[in-house]
Every structure is written in structure tokens, then in C-alpha cells.
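For reference, structure.pdb (PDB, C-alpha atoms):
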```pdb
ATOM      1  CA  MET U 258     174.649 303.518 152.041  1.00  0.00           C
ATOM      2  CA  LYS U 259     175.814 306.977 151.080  1.00  0.00           C
ATOM      3  CA  ALA U 260     175.313 308.794 147.759  1.00  0.00           C
ATOM      4  CA  VAL U 261     177.003 311.943 146.493  1.00  0.00           C
ATOM      5  CA  VAL U 262     175.286 314.048 143.816  1.00  0.00           C
ATOM      6  CA  THR U 263     177.457 316.631 142.036  1.00  0.00           C
ATOM      7  CA  ILE U 264     175.530 319.305 140.130  1.00  0.00           C
ATOM      8  CA  MET U 265     177.245 321.688 137.704  1.00  0.00           C
ATOM      9  CA  LEU U 266     175.912 324.200 135.207  1.00  0.00           C
ATOM     10  CA  LYS U 267     176.047 322.812 131.662  1.00  0.00           C
ATOM     11  CA  ASN U 268     178.796 324.039 129.360  1.00  0.00           C
ATOM     12  CA  GLY U 269     177.696 327.212 127.642  1.00  0.00           C
ATOM     13  CA  VAL U 270     175.430 328.315 130.493  1.00  0.00           C
ATOM     14  CA  LEU U 271     176.651 331.608 131.963  1.00  0.00           C
ATOM     15  CA  ASP U 272     178.015 331.160 135.493  1.00  0.00           C
ATOM     16  CA  PRO U 273     178.117 334.587 137.205  1.00  0.00           C
ATOM     17  CA  GLN U 274     179.046 333.072 140.585  1.00  0.00           C
ATOM     18  CA  GLY U 275     182.050 331.331 139.046  1.00  0.00           C
ATOM     19  CA  LYS U 276     183.053 334.537 137.234  1.00  0.00           C
ATOM     20  CA  ALA U 277     182.851 336.515 140.494  1.00  0.00           C
ATOM     21  CA  ILE U 278     184.998 333.945 142.318  1.00  0.00           C
ATOM     22  CA  GLY U 279     187.559 334.025 139.470  1.00  0.00           C
ATOM     23  CA  HIS U 280     187.817 337.823 139.552  1.00  0.00           C
ATOM     24  CA  ALA U 281     188.066 337.872 143.335  1.00  0.00           C
ATOM     25  CA  LEU U 282     190.914 335.322 143.242  1.00  0.00           C
ATOM     26  CA  ASN U 283     192.750 337.283 140.519  1.00  0.00           C
ATOM     27  CA  ASN U 284     192.433 340.459 142.600  1.00  0.00           C
ATOM     28  CA  LEU U 285     193.554 338.633 145.738  1.00  0.00           C
ATOM     29  CA  GLY U 286     196.919 337.774 144.166  1.00  0.00           C
ATOM     30  CA  PHE U 287     196.215 334.543 142.256  1.00  0.00           C
ATOM     31  CA  PRO U 288     196.845 335.502 138.607  1.00  0.00           C
ATOM     32  CA  GLN U 289     197.169 331.804 137.634  1.00  0.00           C
ATOM     33  CA  VAL U 290     193.395 331.309 137.951  1.00  0.00           C
ATOM     34  CA  GLY U 291     191.487 331.231 134.665  1.00  0.00           C
ATOM     35  CA  GLU U 292     187.937 329.971 134.163  1.00  0.00           C
ATOM     36  CA  VAL U 293     186.020 329.110 137.348  1.00  0.00           C
ATOM     37  CA  ARG U 294     182.777 327.116 137.553  1.00  0.00           C
ATOM     38  CA  ALA U 295     180.696 326.851 140.719  1.00  0.00           C
ATOM     39  CA  GLY U 296     178.412 323.933 141.480  1.00  0.00           C
ATOM     40  CA  LYS U 297     176.611 322.108 144.254  1.00  0.00           C
ATOM     41  CA  ILE U 298     177.283 318.871 146.038  1.00  0.00           C
ATOM     42  CA  ILE U 299     174.619 316.955 147.950  1.00  0.00           C
ATOM     43  CA  GLU U 300     175.432 314.007 150.226  1.00  0.00           C
ATOM     44  CA  LEU U 301     172.549 311.674 151.042  1.00  0.00           C
ATOM     45  CA  GLU U 302     172.355 308.917 153.646  1.00  0.00           C
ATOM     46  CA  LEU U 303     170.132 306.110 152.316  1.00  0.00           C
ATOM     47  CA  THR U 304     168.536 303.166 154.085  1.00  0.00           C
ATOM     48  CA  GLU U 305     168.685 301.333 150.721  1.00  0.00           C
ATOM     49  CA  THR U 306     171.143 298.411 150.812  1.00  0.00           C
ATOM     50  CA  ASP U 307     171.244 297.479 147.109  1.00  0.00           C
ATOM     51  CA  ARG U 308     173.816 299.490 145.160  1.00  0.00           C
ATOM     52  CA  ALA U 309     172.015 299.455 141.792  1.00  0.00           C
ATOM     53  CA  MET U 310     168.658 300.326 143.409  1.00  0.00           C
ATOM     54  CA  ALA U 311     170.315 303.202 145.295  1.00  0.00           C
ATOM     55  CA  GLN U 312     171.925 304.526 142.090  1.00  0.00           C
ATOM     56  CA  ALA U 313     168.587 304.415 140.244  1.00  0.00           C
ATOM     57  CA  ALA U 314     166.687 306.068 143.124  1.00  0.00           C
ATOM     58  CA  VAL U 315     169.200 308.902 143.492  1.00  0.00           C
ATOM     59  CA  GLU U 316     169.207 309.552 139.728  1.00  0.00           C
ATOM     60  CA  ASP U 317     165.434 309.799 139.932  1.00  0.00           C
ATOM     61  CA  MET U 318     165.756 312.276 142.853  1.00  0.00           C
ATOM     62  CA  ALA U 319     168.277 314.371 140.908  1.00  0.00           C
ATOM     63  CA  ASN U 320     166.004 314.522 137.865  1.00  0.00           C
ATOM     64  CA  LYS U 321     162.898 315.349 139.897  1.00  0.00           C
ATOM     65  CA  LEU U 322     164.204 317.723 142.553  1.00  0.00           C
ATOM     66  CA  LEU U 323     167.928 318.219 143.007  1.00  0.00           C
ATOM     67  CA  ALA U 324     168.992 319.449 139.562  1.00  0.00           C
ATOM     68  CA  ASN U 325     167.394 321.763 137.027  1.00  0.00           C
ATOM     69  CA  THR U 326     168.160 319.602 134.002  1.00  0.00           C
ATOM     70  CA  VAL U 327     167.475 322.450 131.575  1.00  0.00           C
ATOM     71  CA  ILE U 328     170.653 324.231 132.655  1.00  0.00           C
ATOM     72  CA  GLU U 329     172.422 321.768 134.981  1.00  0.00           C
ATOM     73  CA  SER U 330     174.036 318.365 134.569  1.00  0.00           C
ATOM     74  CA  PHE U 331     174.529 315.969 137.456  1.00  0.00           C
ATOM     75  CA  LYS U 332     176.607 312.950 138.432  1.00  0.00           C
ATOM     76  CA  VAL U 333     175.598 310.352 141.031  1.00  0.00           C
ATOM     77  CA  GLU U 334     178.182 308.336 142.959  1.00  0.00           C
ATOM     78  CA  ILE U 335     177.370 305.640 145.494  1.00  0.00           C
ATOM     79  CA  VAL U 336     180.213 305.725 147.991  1.00  0.00           C
ATOM     80  CA  GLY U 337     179.412 302.708 150.161  1.00  0.00           C
TER      81      GLY U 337
ATOM     82  CA  MET P 182     195.782 322.106 135.044  1.00  0.00           C
ATOM     83  CA  LYS P 183     192.378 321.785 136.709  1.00  0.00           C
ATOM     84  CA  ALA P 184     191.567 321.846 140.424  1.00  0.00           C
ATOM     85  CA  VAL P 185     188.354 320.880 142.178  1.00  0.00           C
ATOM     86  CA  VAL P 186     187.579 322.290 145.626  1.00  0.00           C
ATOM     87  CA  THR P 187     184.818 320.586 147.604  1.00  0.00           C
ATOM     88  CA  ILE P 188     183.455 322.594 150.529  1.00  0.00           C
ATOM     89  CA  MET P 189     181.154 321.045 153.140  1.00  0.00           C
ATOM     90  CA  LEU P 190     179.825 322.298 156.451  1.00  0.00           C
ATOM     91  CA  LYS P 191     181.751 320.766 159.349  1.00  0.00           C
ATOM     92  CA  ASN P 192     180.099 317.974 161.313  1.00  0.00           C
ATOM     93  CA  GLY P 193     177.937 319.438 164.047  1.00  0.00           C
ATOM     94  CA  VAL P 194     177.171 322.630 162.138  1.00  0.00           C
ATOM     95  CA  LEU P 195     173.444 322.914 161.453  1.00  0.00           C
ATOM     96  CA  ASP P 196     172.656 322.554 157.738  1.00  0.00           C
ATOM     97  CA  PRO P 197     169.153 323.951 157.085  1.00  0.00           C
ATOM     98  CA  GLN P 198     169.530 323.614 153.289  1.00  0.00           C
ATOM     99  CA  GLY P 199     170.350 319.908 153.645  1.00  0.00           C
ATOM    100  CA  LYS P 200     167.423 319.434 156.065  1.00  0.00           C
ATOM    101  CA  ALA P 201     165.039 321.137 153.596  1.00  0.00           C
ATOM    102  CA  ILE P 202     166.260 318.917 150.731  1.00  0.00           C
ATOM    103  CA  GLY P 203     165.833 315.814 152.918  1.00  0.00           C
ATOM    104  CA  HIS P 204     162.271 316.708 153.867  1.00  0.00           C
ATOM    105  CA  ALA P 205     161.363 317.583 150.276  1.00  0.00           C
ATOM    106  CA  LEU P 206     162.693 314.207 149.074  1.00  0.00           C
ATOM    107  CA  ASN P 207     160.777 312.330 151.809  1.00  0.00           C
ATOM    108  CA  ASN P 208     157.578 314.164 150.818  1.00  0.00           C
ATOM    109  CA  LEU P 209     158.219 313.484 147.131  1.00  0.00           C
ATOM    110  CA  GLY P 210     158.110 309.712 147.694  1.00  0.00           C
ATOM    111  CA  PHE P 211     161.682 308.862 148.718  1.00  0.00           C
ATOM    112  CA  PRO P 212     161.319 307.542 152.286  1.00  0.00           C
ATOM    113  CA  GLN P 213     164.761 305.878 152.097  1.00  0.00           C
ATOM    114  CA  VAL P 214     166.508 309.255 152.402  1.00  0.00           C
ATOM    115  CA  GLY P 215     167.916 310.038 155.840  1.00  0.00           C
ATOM    116  CA  GLU P 216     170.449 312.759 156.685  1.00  0.00           C
ATOM    117  CA  VAL P 217     171.287 315.148 153.819  1.00  0.00           C
ATOM    118  CA  ARG P 218     174.240 317.566 153.709  1.00  0.00           C
ATOM    119  CA  ALA P 219     174.588 320.287 151.082  1.00  0.00           C
ATOM    120  CA  GLY P 220     177.918 321.729 149.999  1.00  0.00           C
ATOM    121  CA  LYS P 221     179.678 323.609 147.245  1.00  0.00           C
ATOM    122  CA  ILE P 222     182.029 322.541 144.512  1.00  0.00           C
ATOM    123  CA  ILE P 223     184.351 324.946 142.706  1.00  0.00           C
ATOM    124  CA  GLU P 224     186.294 323.973 139.571  1.00  0.00           C
ATOM    125  CA  LEU P 225     189.289 326.144 138.712  1.00  0.00           C
ATOM    126  CA  GLU P 226     191.351 326.239 135.526  1.00  0.00           C
ATOM    127  CA  LEU P 227     194.974 327.042 136.425  1.00  0.00           C
ATOM    128  CA  THR P 228     197.890 328.116 134.247  1.00  0.00           C
ATOM    129  CA  GLU P 229     200.172 326.488 136.860  1.00  0.00           C
ATOM    130  CA  THR P 230     201.946 323.412 135.462  1.00  0.00           C
ATOM    131  CA  ASP P 231     203.501 321.995 138.647  1.00  0.00           C
ATOM    132  CA  ARG P 232     201.116 319.699 140.526  1.00  0.00           C
ATOM    133  CA  ALA P 233     202.468 320.376 144.029  1.00  0.00           C
ATOM    134  CA  MET P 234     202.556 324.160 143.440  1.00  0.00           C
ATOM    135  CA  ALA P 235     198.966 324.037 142.145  1.00  0.00           C
ATOM    136  CA  GLN P 236     197.812 322.062 145.196  1.00  0.00           C
ATOM    137  CA  ALA P 237     199.478 324.548 147.571  1.00  0.00           C
ATOM    138  CA  ALA P 238     198.087 327.582 145.715  1.00  0.00           C
ATOM    139  CA  VAL P 239     194.524 326.236 145.674  1.00  0.00           C
ATOM    140  CA  GLU P 240     194.674 325.350 149.392  1.00  0.00           C
ATOM    141  CA  ASP P 241     195.763 328.938 150.011  1.00  0.00           C
ATOM    142  CA  MET P 242     192.803 330.204 147.921  1.00  0.00           C
ATOM    143  CA  ALA P 243     190.390 327.980 149.827  1.00  0.00           C
ATOM    144  CA  ASN P 244     191.665 329.230 153.188  1.00  0.00           C
ATOM    145  CA  LYS P 245     191.615 332.884 152.129  1.00  0.00           C
ATOM    146  CA  LEU P 246     188.461 333.157 150.039  1.00  0.00           C
ATOM    147  CA  LEU P 247     186.591 330.022 149.028  1.00  0.00           C
ATOM    148  CA  ALA P 248     185.774 328.451 152.408  1.00  0.00           C
ATOM    149  CA  ASN P 249     184.741 329.865 155.760  1.00  0.00           C
ATOM    150  CA  THR P 250     187.039 327.660 157.832  1.00  0.00           C
ATOM    151  CA  VAL P 251     185.172 328.441 161.056  1.00  0.00           C
ATOM    152  CA  ILE P 252     182.186 326.384 159.913  1.00  0.00           C
ATOM    153  CA  GLU P 253     183.339 324.700 156.681  1.00  0.00           C
ATOM    154  CA  SER P 254     185.947 322.107 155.781  1.00  0.00           C
ATOM    155  CA  PHE P 255     187.379 321.765 152.287  1.00  0.00           C
ATOM    156  CA  LYS P 256     189.193 319.240 150.106  1.00  0.00           C
ATOM    157  CA  VAL P 257     191.401 320.139 147.133  1.00  0.00           C
ATOM    158  CA  GLU P 258     191.929 317.721 144.236  1.00  0.00           C
ATOM    159  CA  ILE P 259     194.175 318.377 141.252  1.00  0.00           C
ATOM    160  CA  VAL P 260     192.556 316.522 138.361  1.00  0.00           C
ATOM    161  CA  GLY P 261     195.152 316.860 135.624  1.00  0.00           C
TER     162      GLY P 261
END
```
Mind turning the file's structure into C-alpha cells?
Amino acid sequence: MKAVVTIMLKNGVLDPQGKAIGHALNNLGFPQVGEVRAGKIIELELTETDRAMAQAAVEDMANKLLANTVIESFKVEIVG
Amino acid sequence: MKAVVTIMLKNGVLDPQGKAIGHALNNLGFPQVGEVRAGKIIELELTETDRAMAQAAVEDMANKLLANTVIESFKVEIVG
């Protein structure tokens, strides 16, 4: 069973990496680019076979280690 | 119009960040975690209104700046 955790900075938290990417794209000839946000994606292979158990375990992992919940929000998807 | 670019290391490319996350999770009491891969996600706000044009432009951005296509693969999604 495979899980995908997507971690983004919360709205309102300054994202200097995203800003830098946005400016670089504008300067590279892409004036249509406005706000840019950068985040992380983590793919996990699990030996767990129960979908609900896997979802709960990965949410626990995200809260404990993968995301900094003070400034980041996360989304867990079980992709089969 | 919003685009999401997902960038992952290609299969076969060593991913030390993923390995470190995997080991940390195992040590933290999640023995069900096997292989872990870490990647990046970039959300772009575009002034472009045509879906196909937006897709083409963002693929161009990914090839030129966002991804290192020697070691990384990317996926572009236009999310409305």
C-alpha cells in the first residue's frame, strides 16, 4: 500500500522559496506567473494492508515527524 | 488558473532525504514503513486563461527552471 503526504506552508506564512521561484520565472520570460508556493511531497511504501489503518498511521507520522504543524498543513492520500 | 508541478527523483536515483525519513519513522515506532521517496511540489497562480496554453507554458517552466531533468521527473496538473 502506498501513501502520499503533501506538505504546504499555511496561508499567511511567508514563503521565500516560492517568491524566489516566482521572480526567477518572471525574469526567465514567464510574465503570466503570479503567486508561487513551494511545498514537499513524501511517498511512503507501507506493509499495512488496511486502508483506514494506513490513513490513520500516516496522519500520525505527519503530525509527529513529517510536517511542522505550527507553520505547515498536510494532506494524506492512500493511493492503493 | 492554478497549476501544480510535482517533481520527484527518477527511479534509480539515490534519495538520501527519503532514506533518512524512512529510518526516522522506523525508529519512531512505525515499522510498517518501507521505501520512502521525497519530492517537491510547486503551486503556481497563472494569469493565463487557456488550459492547453497554461499546460504548455508550465511544462516549459519545469523543463527550464523547476526540475533538473537529468535526475528528476515532473508532472504538471492544471487545477482550474
To one decimal in Å, tell me the separation between CA of Asn320 in chain U and CA of Asp307 in chain U. 20.1 Å
Target residues per the PyMOL selection byres ((chain P) within 9 of (chain U)), formatted as an MDAnalysis selection string: chainID P and resid 187:189 199 202:203 205:206 209 211:229 238 242 245:247
Rounded to one decimal place, report the CA of Gly337 in chain U-CA of Ala313 in chain U distance in Å. 14.8 Å
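Between CA of Thr250 in chain P and CA of Asn192 in chain P lies a distance of 12.4 Å.
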Would you place a box with edges along x, y and z of the file around all atoms of range 214-223 of chain P listed there, add 4 Å to each of its six sides, and report the centre and edge lengths in Å to one decimal, as JSON?
```
{"center_x": 175.4, "center_y": 317.1, "center_z": 149.7, "size_x": 25.8, "size_y": 23.7, "size_z": 22.0}
```
U:Arg308, U:Leu271, U:Glu316, U:Ala324: which is nearest Val336 in chain U, counting only C-alpha atoms?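 Closest to Val336 in chain U, using only C-alpha atoms: U:Arg308.
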Just want the 12 Å neighbourhood of Gly269 in chain U, counted on all atoms listed in the file, with same-chain residues fewer than 6 positions away dropped. Output as JSON, numbers by chain. {"U": [294, 327, 328, 329, 330]}
When you get a chance, write out all heavy atoms for range 216-227 of chain P, as a JSON list (two decimals), in the coordinates of the input.
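New file rebuild02.json:
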```json
[["chain", "number", "residue", "atom", "x", "y", "z"],
["P", 216, "GLU", "N", 169.70, 311.49, 156.55],
["P", 216, "GLU", "CA", 170.45, 312.76, 156.68],
["P", 216, "GLU", "C", 170.95, 313.25, 155.32],
["P", 216, "GLU", "O", 171.46, 312.46, 154.51],
["P", 216, "GLU", "CB", 171.64, 312.49, 157.62],
["P", 216, "GLU", "CG", 172.69, 313.57, 157.65],
["P", 216, "GLU", "CD", 172.73, 314.33, 158.97],
["P", 216, "GLU", "OE1", 171.99, 313.95, 159.90],
["P", 216, "GLU", "OE2", 173.49, 315.29, 159.04],
["P", 217, "VAL", "N", 170.79, 314.54, 155.06],
["P", 217, "VAL", "CA", 171.29, 315.15, 153.82],
["P", 217, "VAL", "C", 172.19, 316.33, 154.18],
["P", 217, "VAL", "O", 171.87, 317.10, 155.08],
["P", 217, "VAL", "CB", 170.12, 315.65, 152.94],
["P", 217, "VAL", "CG1", 170.63, 316.31, 151.67],
["P", 217, "VAL", "CG2", 169.17, 314.52, 152.59],
["P", 218, "ARG", "N", 173.34, 316.43, 153.50],
["P", 218, "ARG", "CA", 174.24, 317.57, 153.71],
["P", 218, "ARG", "C", 174.46, 318.23, 152.36],
["P", 218, "ARG", "O", 174.71, 317.55, 151.36],
["P", 218, "ARG", "CB", 175.60, 317.11, 154.25],
["P", 218, "ARG", "CG", 175.57, 316.27, 155.51],
["P", 218, "ARG", "CD", 175.28, 317.02, 156.76],
["P", 218, "ARG", "NE", 176.39, 317.85, 157.23],
["P", 218, "ARG", "CZ", 176.29, 318.70, 158.24],
["P", 218, "ARG", "NH1", 175.13, 318.86, 158.86],
["P", 218, "ARG", "NH2", 177.31, 319.41, 158.63],
["P", 219, "ALA", "N", 174.38, 319.56, 152.33],
["P", 219, "ALA", "CA", 174.59, 320.29, 151.08],
["P", 219, "ALA", "C", 175.91, 321.03, 151.15],
["P", 219, "ALA", "O", 176.29, 321.57, 152.19],
["P", 219, "ALA", "CB", 173.44, 321.26, 150.87],
["P", 220, "GLY", "N", 176.64, 321.03, 150.05],
["P", 220, "GLY", "CA", 177.92, 321.73, 150.00],
["P", 220, "GLY", "C", 178.14, 322.37, 148.65],
["P", 220, "GLY", "O", 177.25, 322.37, 147.80],
["P", 221, "LYS", "N", 179.34, 322.91, 148.48],
["P", 221, "LYS", "CA", 179.68, 323.61, 147.24],
["P", 221, "LYS", "C", 180.85, 322.93, 146.57],
["P", 221, "LYS", "O", 181.71, 322.34, 147.23],
["P", 221, "LYS", "CB", 180.09, 325.05, 147.57],
["P", 221, "LYS", "CG", 178.93, 325.94, 147.92],
["P", 221, "LYS", "CD", 179.40, 327.29, 148.39],
["P", 221, "LYS", "CE", 179.88, 327.23, 149.83],
["P", 221, "LYS", "NZ", 180.21, 328.55, 150.42],
["P", 222, "ILE", "N", 180.89, 323.06, 145.25],
["P", 222, "ILE", "CA", 182.03, 322.54, 144.51],
["P", 222, "ILE", "C", 182.50, 323.65, 143.57],
["P", 222, "ILE", "O", 181.68, 324.34, 142.95],
["P", 222, "ILE", "CB", 181.65, 321.22, 143.80],
["P", 222, "ILE", "CG1", 182.86, 320.55, 143.20],
["P", 222, "ILE", "CG2", 180.59, 321.41, 142.75],
["P", 222, "ILE", "CD1", 182.64, 319.06, 142.98],
["P", 223, "ILE", "N", 183.80, 323.88, 143.54],
["P", 223, "ILE", "CA", 184.35, 324.95, 142.71],
["P", 223, "ILE", "C", 185.46, 324.36, 141.84],
["P", 223, "ILE", "O", 186.42, 323.78, 142.36],
["P", 223, "ILE", "CB", 184.88, 326.11, 143.59],
["P", 223, "ILE", "CG1", 183.73, 326.69, 144.41],
["P", 223, "ILE", "CG2", 185.52, 327.19, 142.73],
["P", 223, "ILE", "CD1", 184.16, 327.64, 145.49],
["P", 224, "GLU", "N", 185.29, 324.46, 140.52],
["P", 224, "GLU", "CA", 186.29, 323.97, 139.57],
["P", 224, "GLU", "C", 187.10, 325.15, 139.05],
["P", 224, "GLU", "O", 186.53, 326.13, 138.56],
["P", 224, "GLU", "CB", 185.61, 323.27, 138.39],
["P", 224, "GLU", "CG", 184.92, 321.98, 138.77],
["P", 224, "GLU", "CD", 184.34, 321.26, 137.56],
["P", 224, "GLU", "OE1", 184.45, 321.79, 136.43],
["P", 224, "GLU", "OE2", 183.76, 320.18, 137.74],
["P", 225, "LEU", "N", 188.41, 325.05, 139.14],
["P", 225, "LEU", "CA", 189.29, 326.14, 138.71],
["P", 225, "LEU", "C", 190.22, 325.67, 137.61],
["P", 225, "LEU", "O", 190.83, 324.61, 137.72],
["P", 225, "LEU", "CB", 190.17, 326.59, 139.89],
["P", 225, "LEU", "CG", 189.49, 326.98, 141.19],
["P", 225, "LEU", "CD1", 190.33, 326.55, 142.37],
["P", 225, "LEU", "CD2", 189.25, 328.47, 141.24],
["P", 226, "GLU", "N", 190.32, 326.46, 136.54],
["P", 226, "GLU", "CA", 191.35, 326.24, 135.53],
["P", 226, "GLU", "C", 192.58, 327.04, 135.95],
["P", 226, "GLU", "O", 192.48, 328.23, 136.24],
["P", 226, "GLU", "CB", 190.87, 326.74, 134.16],
["P", 226, "GLU", "CG", 189.92, 325.83, 133.43],
["P", 226, "GLU", "CD", 190.54, 324.51, 132.99],
["P", 226, "GLU", "OE1", 191.77, 324.43, 132.89],
["P", 226, "GLU", "OE2", 189.78, 323.55, 132.79],
["P", 227, "LEU", "N", 193.74, 326.37, 135.99],
["P", 227, "LEU", "CA", 194.97, 327.04, 136.43],
["P", 227, "LEU", "C", 196.02, 327.02, 135.32],
["P", 227, "LEU", "O", 196.15, 326.03, 134.60],
["P", 227, "LEU", "CB", 195.55, 326.32, 137.65],
["P", 227, "LEU", "CG", 194.65, 326.23, 138.88],
["P", 227, "LEU", "CD1", 195.26, 325.27, 139.89],
["P", 227, "LEU", "CD2", 194.44, 327.59, 139.50]]
```
